[in-house]
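Structure record follows, encoded as structure tokens.
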Amino acid sequence: MSQAAARFNDPLIHHWMPFTANKQFQDAPRIIARAEGVHYWNTAGDKLLDSVSGLYTTPAGHGRREIREAVTRQLEELDYAPPFQFGVPGTFRLAHELAQMLPAGLNRVFFAGSGSEAVESALKVAIQYHRVRGQGQRQRFVGRARGYHGVNFAGWSVGGMVKNRDAFGLGLPGVSHMRHTHIESNRFVMGQGDHGGVDLADDLQRMVDLHGGDTIAACIVEPIAGSTGVLVPPKGYLERLRTICDQHGILLIFDEVICGFGRTGHPFAADAFGVTPDLMTMAKAITNGNIPMAAVAIRQDIQQAILDAAGPDAIEFFHGYTYSGHPVACAAALATLKIYRDDDLFARGAALVPKFLERIASLRDIPIVTDTRGYGLLGAVDLATDGAPGKRGFAVLRRAFESGLVLRVAADTVILSPMFITTDDQLDEMFTLLRKILAAV
Ligand code: PXG
């Protein structure tokens with residue numbers, strides 16, 4: 001029991017924190033009380049530099065007035081209306097705007113409340129699409145080791161995190177996993193590695209050979225695996241996945257919950273890598289993290305097949321959330337997309353990329369650093385394990401917080417994903433702090 005739990009009714013004990021060492025936290029809480037621009041303030045009033053854009057959510061910076069005002073206006077006008085059999089104007093406007101910015105062909109949009117929900121929605125679209133075309137035998141999914149697709153049952157099943165299996169057991173049946181793309185020969189490479197792309201993607205071909213291509217509904221990958229440590233696809237990898245999917249009628253799903261909305265220096269990773277999926281999930285930066293929201297972009301003909309298969313009065317896709325396309329979330333998203341456009345924010349982010357990647361690469365000389373990698377404004381630094389896995393990573397997280405820096409760790413990997421509004425000076429400060437911290441753990 002933590003010391004806090006031992007104290008009767010300590011206010012810290014009632015909130016069961018997600019993805020958090022609760023007992024440890026209660027004894028040494030890190031509470032963020034305020035945010036503005038690239039900074040947070042803790043409850044003691046100390047200023048902290050946010051080097052992960054919230055949680056990859058907030059590239060336009062904290063406390064954007066335009067979003068706040070749009071949300072307030074929306075709350076005053078229409079707080080909520082049921083999304084089933086009724087519509088609100090903002091949802092249609094947002095879907096239309098997204099369709100303009102998404103890769104060509106992905107122009108139907110289904111809304112959800114979180115990345116996890118978007119993933120479930122995408123997988124269900126894939127299954128139903130095949131069923132309405134007489135291919136109901138396509139029930140299998142292919143995911144990837146070290147993939148992260150949220151926490152719901154299908155999502156963690158197609159994901160490749162070992163801890164989910166330890167904690168929750170079997171998951172969805174009929175799921176196979178390709179190897180992850182972090183290989184020794186691409187160590188210390190910024191951008192896409194030269195090695196292994198086609199060979200690693202041929203794991204999908206091996207699944208096809210083993211199970212039959214016509215039993216696989218979809219292959220889902222993050223173009224760059226985010227949560228498990230910024231695993232950049234080697235050259236040719238995504239192209240090869242696309243080819244194999246096309247050869248066997250398998251739908252390719254890109255989970256762009258982290259990669260989307262400028263993080264790669266392009267609107268979407270699909271644009272950055274020149275590979276267009278059949279379905280794409282997005283969340284986080286869609287509202288600059290201000291209101292929960294997620295979406296799935298769907299190829300028009302996939303939606304059309306599902307619409308056509310149902311009778312004129314039937315609900316074609318038997319799926320939806322109470323908060324699908326919530327009016328307040330749509331208002332936040334529309335205001336966010338306007339900021340991205342008006343401030344040319346993706347270009348501003350892209351302009352930071354060379355310096356950011358150079359800075360990540362420059363950490364190589366620190367003795368405990370075993371790899372550095374990155375793409376766009378996503379960077380990772382692997383640290384040598386110190387005793388138990390994750391111990392050193394957590395020490396970095398804690399020390400960083402104490403030194404005025406908020407970063408993200410995945411086990412012993414430090415992850416940075418700065419906001420697109422970060423200035424050169426702030427980037428310098430970020431890396432000066434990080435270097436100092438890494439020298440001390
Ligand atoms: N897909 C991807 C690629 C994600 O990164 C989700 C789905 C799920 O989204 P929701 O909104 O349901 O959380 C995510 C979420 C981390 C971290 O530390 C990343 C996420 C969530 C929690 C922690 O990197 N990404």
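Ordering of the structure tokens sets the chain letters (A, B, ...); residue numbers start at 1 within each chain; ligands are numbered from 1 in the order shown.
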
Surroundings of ligand 1 up to 6 Å, based on only C-alpha atoms and all ligand atoms, as a ChimeraX atom specification: /A:114-116,148-150,222,226-227,255-258

Store the residues picked out above in a file with C-alpha atoms, as a tab-separated table (two decimals), in the first residue's frame.
```
chain	number	residue	atom	x	y	z
A	114	SER	CA	-10.80	8.09	-28.98
A	115	GLY	CA	-8.07	6.45	-30.98
A	116	SER	CA	-9.04	3.10	-29.49
A	148	TYR	CA	-0.04	-0.02	-30.49
A	149	HIS	CA	-3.63	0.35	-31.53
A	150	GLY	CA	-5.29	1.37	-28.32
A	222	GLU	CA	1.21	2.48	-37.57
A	226	GLY	CA	4.86	5.63	-31.88
A	227	SER	CA	4.19	4.45	-28.35
A	255	ASP	CA	-3.18	3.93	-37.70
A	256	GLU	CA	-2.19	7.59	-37.83
A	257	VAL	CA	-3.34	8.48	-34.33
A	258	ILE	CA	0.17	9.79	-33.62
```

Shell of 9 Å around Ala440 (chain A), only C-alpha atoms, local chain residues under 5 positions omitted, as a PyMOL selection string: chain A and resi 396+399+435

Run DSSP on the backbone and tell me which residues of region 114-349 of chain A come out as helix (DSSP H, G or I); list them as a PDB file with C-alpha atoms, in the first residue's frame.
```
ATOM      1  CA  GLY A 115      -8.073   6.449 -30.977  1.00  0.00           C
ATOM      2  CA  SER A 116      -9.035   3.097 -29.490  1.00  0.00           C
ATOM      3  CA  GLU A 117     -12.587   3.518 -30.757  1.00  0.00           C
ATOM      4  CA  ALA A 118     -11.355   4.586 -34.180  1.00  0.00           C
ATOM      5  CA  VAL A 119      -9.335   1.382 -34.428  1.00  0.00           C
ATOM      6  CA  GLU A 120     -12.317  -0.809 -33.494  1.00  0.00           C
ATOM      7  CA  SER A 121     -14.426   1.079 -36.027  1.00  0.00           C
ATOM      8  CA  ALA A 122     -11.866   0.587 -38.804  1.00  0.00           C
ATOM      9  CA  LEU A 123     -11.559  -3.138 -38.128  1.00  0.00           C
ATOM     10  CA  LYS A 124     -15.339  -3.519 -38.168  1.00  0.00           C
ATOM     11  CA  VAL A 125     -15.631  -1.644 -41.462  1.00  0.00           C
ATOM     12  CA  ALA A 126     -13.041  -4.023 -42.908  1.00  0.00           C
ATOM     13  CA  ILE A 127     -14.929  -7.122 -41.797  1.00  0.00           C
ATOM     14  CA  GLN A 128     -18.278  -5.854 -43.007  1.00  0.00           C
ATOM     15  CA  TYR A 129     -16.895  -4.699 -46.353  1.00  0.00           C
ATOM     16  CA  HIS A 130     -15.711  -8.204 -47.119  1.00  0.00           C
ATOM     17  CA  ARG A 131     -18.963  -9.762 -45.898  1.00  0.00           C
ATOM     18  CA  VAL A 132     -21.170  -7.637 -48.129  1.00  0.00           C
ATOM     19  CA  PHE A 153     -10.093  -5.790 -27.254  1.00  0.00           C
ATOM     20  CA  ALA A 154      -9.580  -5.803 -31.009  1.00  0.00           C
ATOM     21  CA  GLY A 155      -7.063  -2.983 -30.781  1.00  0.00           C
ATOM     22  CA  TRP A 156      -4.781  -4.576 -28.252  1.00  0.00           C
ATOM     23  CA  SER A 157      -5.133  -7.921 -29.999  1.00  0.00           C
ATOM     24  CA  VAL A 158      -3.827  -6.587 -33.305  1.00  0.00           C
ATOM     25  CA  VAL A 162       3.455  -8.159 -24.565  1.00  0.00           C
ATOM     26  CA  LYS A 163       2.052  -6.636 -21.393  1.00  0.00           C
ATOM     27  CA  ASN A 164      -1.489  -6.756 -22.784  1.00  0.00           C
ATOM     28  CA  ARG A 165      -1.187 -10.501 -23.201  1.00  0.00           C
ATOM     29  CA  ASP A 166       0.281 -10.868 -19.722  1.00  0.00           C
ATOM     30  CA  ALA A 167      -2.553  -8.894 -18.176  1.00  0.00           C
ATOM     31  CA  PHE A 168      -5.595  -9.741 -20.285  1.00  0.00           C
ATOM     32  CA  GLU A 184      20.222  -3.657 -35.555  1.00  0.00           C
ATOM     33  CA  SER A 185      21.472  -2.714 -39.007  1.00  0.00           C
ATOM     34  CA  ASN A 186      19.401   0.493 -38.981  1.00  0.00           C
ATOM     35  CA  GLY A 197      12.267  -3.100 -45.623  1.00  0.00           C
ATOM     36  CA  VAL A 198      11.144  -5.694 -48.137  1.00  0.00           C
ATOM     37  CA  ASP A 199      12.155  -8.670 -46.023  1.00  0.00           C
ATOM     38  CA  LEU A 200      10.212  -7.445 -42.984  1.00  0.00           C
ATOM     39  CA  ALA A 201       7.149  -6.628 -45.071  1.00  0.00           C
ATOM     40  CA  ASP A 202       7.327 -10.106 -46.586  1.00  0.00           C
ATOM     41  CA  ASP A 203       6.133 -11.329 -43.179  1.00  0.00           C
ATOM     42  CA  LEU A 204       2.714 -10.442 -44.546  1.00  0.00           C
ATOM     43  CA  GLN A 205       3.359 -12.691 -47.530  1.00  0.00           C
ATOM     44  CA  ARG A 206       4.283 -15.466 -45.110  1.00  0.00           C
ATOM     45  CA  MET A 207       0.918 -14.990 -43.340  1.00  0.00           C
ATOM     46  CA  VAL A 208      -0.754 -15.193 -46.733  1.00  0.00           C
ATOM     47  CA  ASP A 209       1.118 -18.396 -47.542  1.00  0.00           C
ATOM     48  CA  LEU A 210       0.233 -19.908 -44.178  1.00  0.00           C
ATOM     49  CA  HIS A 211      -3.398 -18.883 -43.762  1.00  0.00           C
ATOM     50  CA  GLY A 213      -4.676 -14.536 -48.585  1.00  0.00           C
ATOM     51  CA  ASP A 214      -8.443 -14.828 -48.912  1.00  0.00           C
ATOM     52  CA  THR A 215      -8.875 -15.353 -45.163  1.00  0.00           C
ATOM     53  CA  TYR A 237       8.570  -1.457 -46.237  1.00  0.00           C
ATOM     54  CA  LEU A 238       5.222   0.283 -46.540  1.00  0.00           C
ATOM     55  CA  GLU A 239       5.333   0.058 -50.342  1.00  0.00           C
ATOM     56  CA  ARG A 240       5.801  -3.705 -50.091  1.00  0.00           C
ATOM     57  CA  LEU A 241       2.905  -4.059 -47.623  1.00  0.00           C
ATOM     58  CA  ARG A 242       0.744  -2.123 -50.082  1.00  0.00           C
ATOM     59  CA  THR A 243       1.714  -4.432 -52.937  1.00  0.00           C
ATOM     60  CA  ILE A 244       1.003  -7.620 -50.991  1.00  0.00           C
ATOM     61  CA  CYS A 245      -2.344  -6.264 -49.787  1.00  0.00           C
ATOM     62  CA  ASP A 246      -3.312  -5.401 -53.361  1.00  0.00           C
ATOM     63  CA  GLN A 247      -2.308  -8.810 -54.643  1.00  0.00           C
ATOM     64  CA  HIS A 248      -4.537 -10.568 -52.115  1.00  0.00           C
ATOM     65  CA  ALA A 269       2.360   9.759 -42.873  1.00  0.00           C
ATOM     66  CA  ALA A 270       0.652   8.352 -45.958  1.00  0.00           C
ATOM     67  CA  ASP A 271       1.742  11.550 -47.733  1.00  0.00           C
ATOM     68  CA  ALA A 272       5.223  11.437 -46.241  1.00  0.00           C
ATOM     69  CA  PHE A 273       5.856   7.869 -47.382  1.00  0.00           C
ATOM     70  CA  LYS A 284      -5.172  13.339 -30.795  1.00  0.00           C
ATOM     71  CA  ALA A 285      -4.073  16.347 -32.884  1.00  0.00           C
ATOM     72  CA  ILE A 286      -7.425  16.419 -34.687  1.00  0.00           C
ATOM     73  CA  THR A 287      -8.605  18.781 -31.908  1.00  0.00           C
ATOM     74  CA  GLN A 300     -15.258   5.927 -50.883  1.00  0.00           C
ATOM     75  CA  ASP A 301     -15.957   2.628 -52.640  1.00  0.00           C
ATOM     76  CA  ILE A 302     -15.602   0.709 -49.375  1.00  0.00           C
ATOM     77  CA  GLN A 303     -18.337   2.792 -47.805  1.00  0.00           C
ATOM     78  CA  GLN A 304     -20.381   2.562 -51.001  1.00  0.00           C
ATOM     79  CA  ALA A 305     -20.251  -1.232 -50.988  1.00  0.00           C
ATOM     80  CA  ILE A 306     -21.613  -1.278 -47.444  1.00  0.00           C
ATOM     81  CA  LEU A 307     -24.323   1.286 -48.234  1.00  0.00           C
ATOM     82  CA  ASP A 308     -25.353  -0.553 -51.400  1.00  0.00           C
ATOM     83  CA  ALA A 309     -25.665  -3.888 -49.665  1.00  0.00           C
ATOM     84  CA  PRO A 327     -20.733  18.926 -31.690  1.00  0.00           C
ATOM     85  CA  VAL A 328     -18.273  20.418 -29.214  1.00  0.00           C
ATOM     86  CA  ALA A 329     -15.467  18.142 -30.412  1.00  0.00           C
ATOM     87  CA  CYS A 330     -16.292  19.076 -34.019  1.00  0.00           C
ATOM     88  CA  ALA A 331     -16.107  22.756 -33.136  1.00  0.00           C
ATOM     89  CA  ALA A 332     -12.708  22.177 -31.540  1.00  0.00           C
ATOM     90  CA  ALA A 333     -11.535  20.200 -34.582  1.00  0.00           C
ATOM     91  CA  LEU A 334     -12.738  22.813 -37.074  1.00  0.00           C
ATOM     92  CA  ALA A 335     -10.958  25.543 -35.114  1.00  0.00           C
ATOM     93  CA  THR A 336      -7.839  23.376 -34.961  1.00  0.00           C
ATOM     94  CA  LEU A 337      -7.794  22.712 -38.704  1.00  0.00           C
ATOM     95  CA  LYS A 338      -8.203  26.441 -39.265  1.00  0.00           C
ATOM     96  CA  ILE A 339      -5.130  27.118 -37.120  1.00  0.00           C
ATOM     97  CA  TYR A 340      -3.171  24.487 -39.060  1.00  0.00           C
ATOM     98  CA  ARG A 341      -4.155  26.245 -42.295  1.00  0.00           C
ATOM     99  CA  ASP A 342      -3.944  29.881 -41.240  1.00  0.00           C
ATOM    100  CA  LEU A 345       1.631  25.073 -39.072  1.00  0.00           C
ATOM    101  CA  PHE A 346       2.592  21.846 -40.838  1.00  0.00           C
ATOM    102  CA  ALA A 347       5.189  23.803 -42.824  1.00  0.00           C
ATOM    103  CA  ARG A 348       6.406  25.405 -39.603  1.00  0.00           C
ATOM    104  CA  GLY A 349       6.754  21.960 -38.054  1.00  0.00           C
TER     105      GLY A 349
END
```

Selection: 7 Å around Arg108 (chain A), only C-alpha atoms, excl. self and same-chain fewer than 5 positions, as a list in words: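 Here the qualifying residues turn out to be Ala99, Ala297, Ile298, Arg299 and Gln300 of chain A.
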
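Between CA of Gly37 (chain A) and CA of Asp425 (chain A) there is a distance of 14.1 Å.
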
One-decimal distance in Å that lies between CA of Ala104 (chain A) and CA of Ala314 (chain A): 28.9 Å

Separation of CA of Gly113 (chain A) from CA of Pro292 (chain A) in Å: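 Pair CA of Pro292 (chain A) / CA of Gly113 (chain A) returns 5.7 Å.
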
Picked from region 120-307 of chain A by DSSP as strand (DSSP E or B), as an mmCIF file with C-alpha atoms, in the first residue's frame:
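Dumped to out.cif:
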```cif
data_model
loop_
_atom_site.group_PDB
_atom_site.id
_atom_site.type_symbol
_atom_site.label_atom_id
_atom_site.label_comp_id
_atom_site.auth_asym_id
_atom_site.auth_seq_id
_atom_site.Cartn_x
_atom_site.Cartn_y
_atom_site.Cartn_z
ATOM 1 C CA ARG A 140 -8.263 -12.653 -39.902
ATOM 2 C CA PHE A 141 -6.268 -9.570 -39.060
ATOM 3 C CA VAL A 142 -2.548 -9.065 -39.351
ATOM 4 C CA GLY A 143 -0.852 -6.643 -36.981
ATOM 5 C CA ARG A 144 2.721 -6.220 -35.900
ATOM 6 C CA VAL A 175 -4.773 -12.437 -35.359
ATOM 7 C CA SER A 176 -1.195 -12.825 -36.598
ATOM 8 C CA HIS A 177 1.717 -10.501 -36.101
ATOM 9 C CA MET A 178 4.546 -9.492 -38.362
ATOM 10 C CA MET A 190 17.703 9.259 -38.750
ATOM 11 C CA ILE A 216 -7.255 -12.051 -44.204
ATOM 12 C CA ALA A 217 -9.534 -9.028 -43.829
ATOM 13 C CA ALA A 218 -6.950 -6.366 -43.095
ATOM 14 C CA CYS A 219 -3.398 -5.575 -42.184
ATOM 15 C CA ILE A 220 -3.046 -2.763 -39.662
ATOM 16 C CA VAL A 221 0.135 -0.855 -38.903
ATOM 17 C CA ALA A 225 5.158 2.891 -34.488
ATOM 18 C CA LEU A 231 10.043 2.688 -35.030
ATOM 19 C CA LEU A 251 -7.300 -3.960 -46.777
ATOM 20 C CA LEU A 252 -4.396 -1.874 -45.528
ATOM 21 C CA ILE A 253 -5.136 0.216 -42.449
ATOM 22 C CA PHE A 254 -2.766 2.952 -41.315
ATOM 23 C CA ASP A 255 -3.180 3.926 -37.697
ATOM 24 C CA LEU A 279 -8.569 3.065 -44.163
ATOM 25 C CA MET A 280 -6.839 5.466 -41.819
ATOM 26 C CA THR A 281 -7.419 6.164 -38.144
ATOM 27 C CA MET A 282 -6.699 9.530 -36.576
ATOM 28 C CA ALA A 294 -11.118 10.488 -33.305
ATOM 29 C CA ALA A 295 -12.004 9.532 -36.843
ATOM 30 C CA VAL A 296 -11.600 6.856 -39.461
ATOM 31 C CA ALA A 297 -11.075 7.848 -43.078
ATOM 32 C CA ILE A 298 -12.440 5.315 -45.499
ATOM 33 C CA ARG A 299 -12.065 4.792 -49.228
#
```

Ile368 (chain A) environment, 8 Å, only C-alpha atoms, sequence neighbours closer than 4 positions dropped, as an NGL selection string: :A and (383-384 or 438)

Generate a file of the selected residues that holds N, CA and C atoms, formatted as a compact mmCIF listing (two decimals), in the first residue's frame.
```
# COMPACT_ATOMS: atom_id res chain seq x y z
N LEU A 383 18.04 3.85 -24.15
CA LEU A 383 19.05 3.86 -23.09
C LEU A 383 19.35 2.43 -22.67
N ALA A 384 20.59 2.19 -22.31
CA ALA A 384 20.97 0.86 -21.82
C ALA A 384 20.17 0.58 -20.55
N LEU A 438 20.34 12.94 -18.95
CA LEU A 438 20.87 11.65 -19.38
C LEU A 438 22.28 11.42 -18.80
```

Region 405-413 of chain A environment, 10 Å, only C-alpha atoms, sequence neighbours closer than 6 positions dropped, as a ChimeraX atom specification: /A:39-40,47-56,226-230,369-372,380-386,388-399,429-431,433-434,437
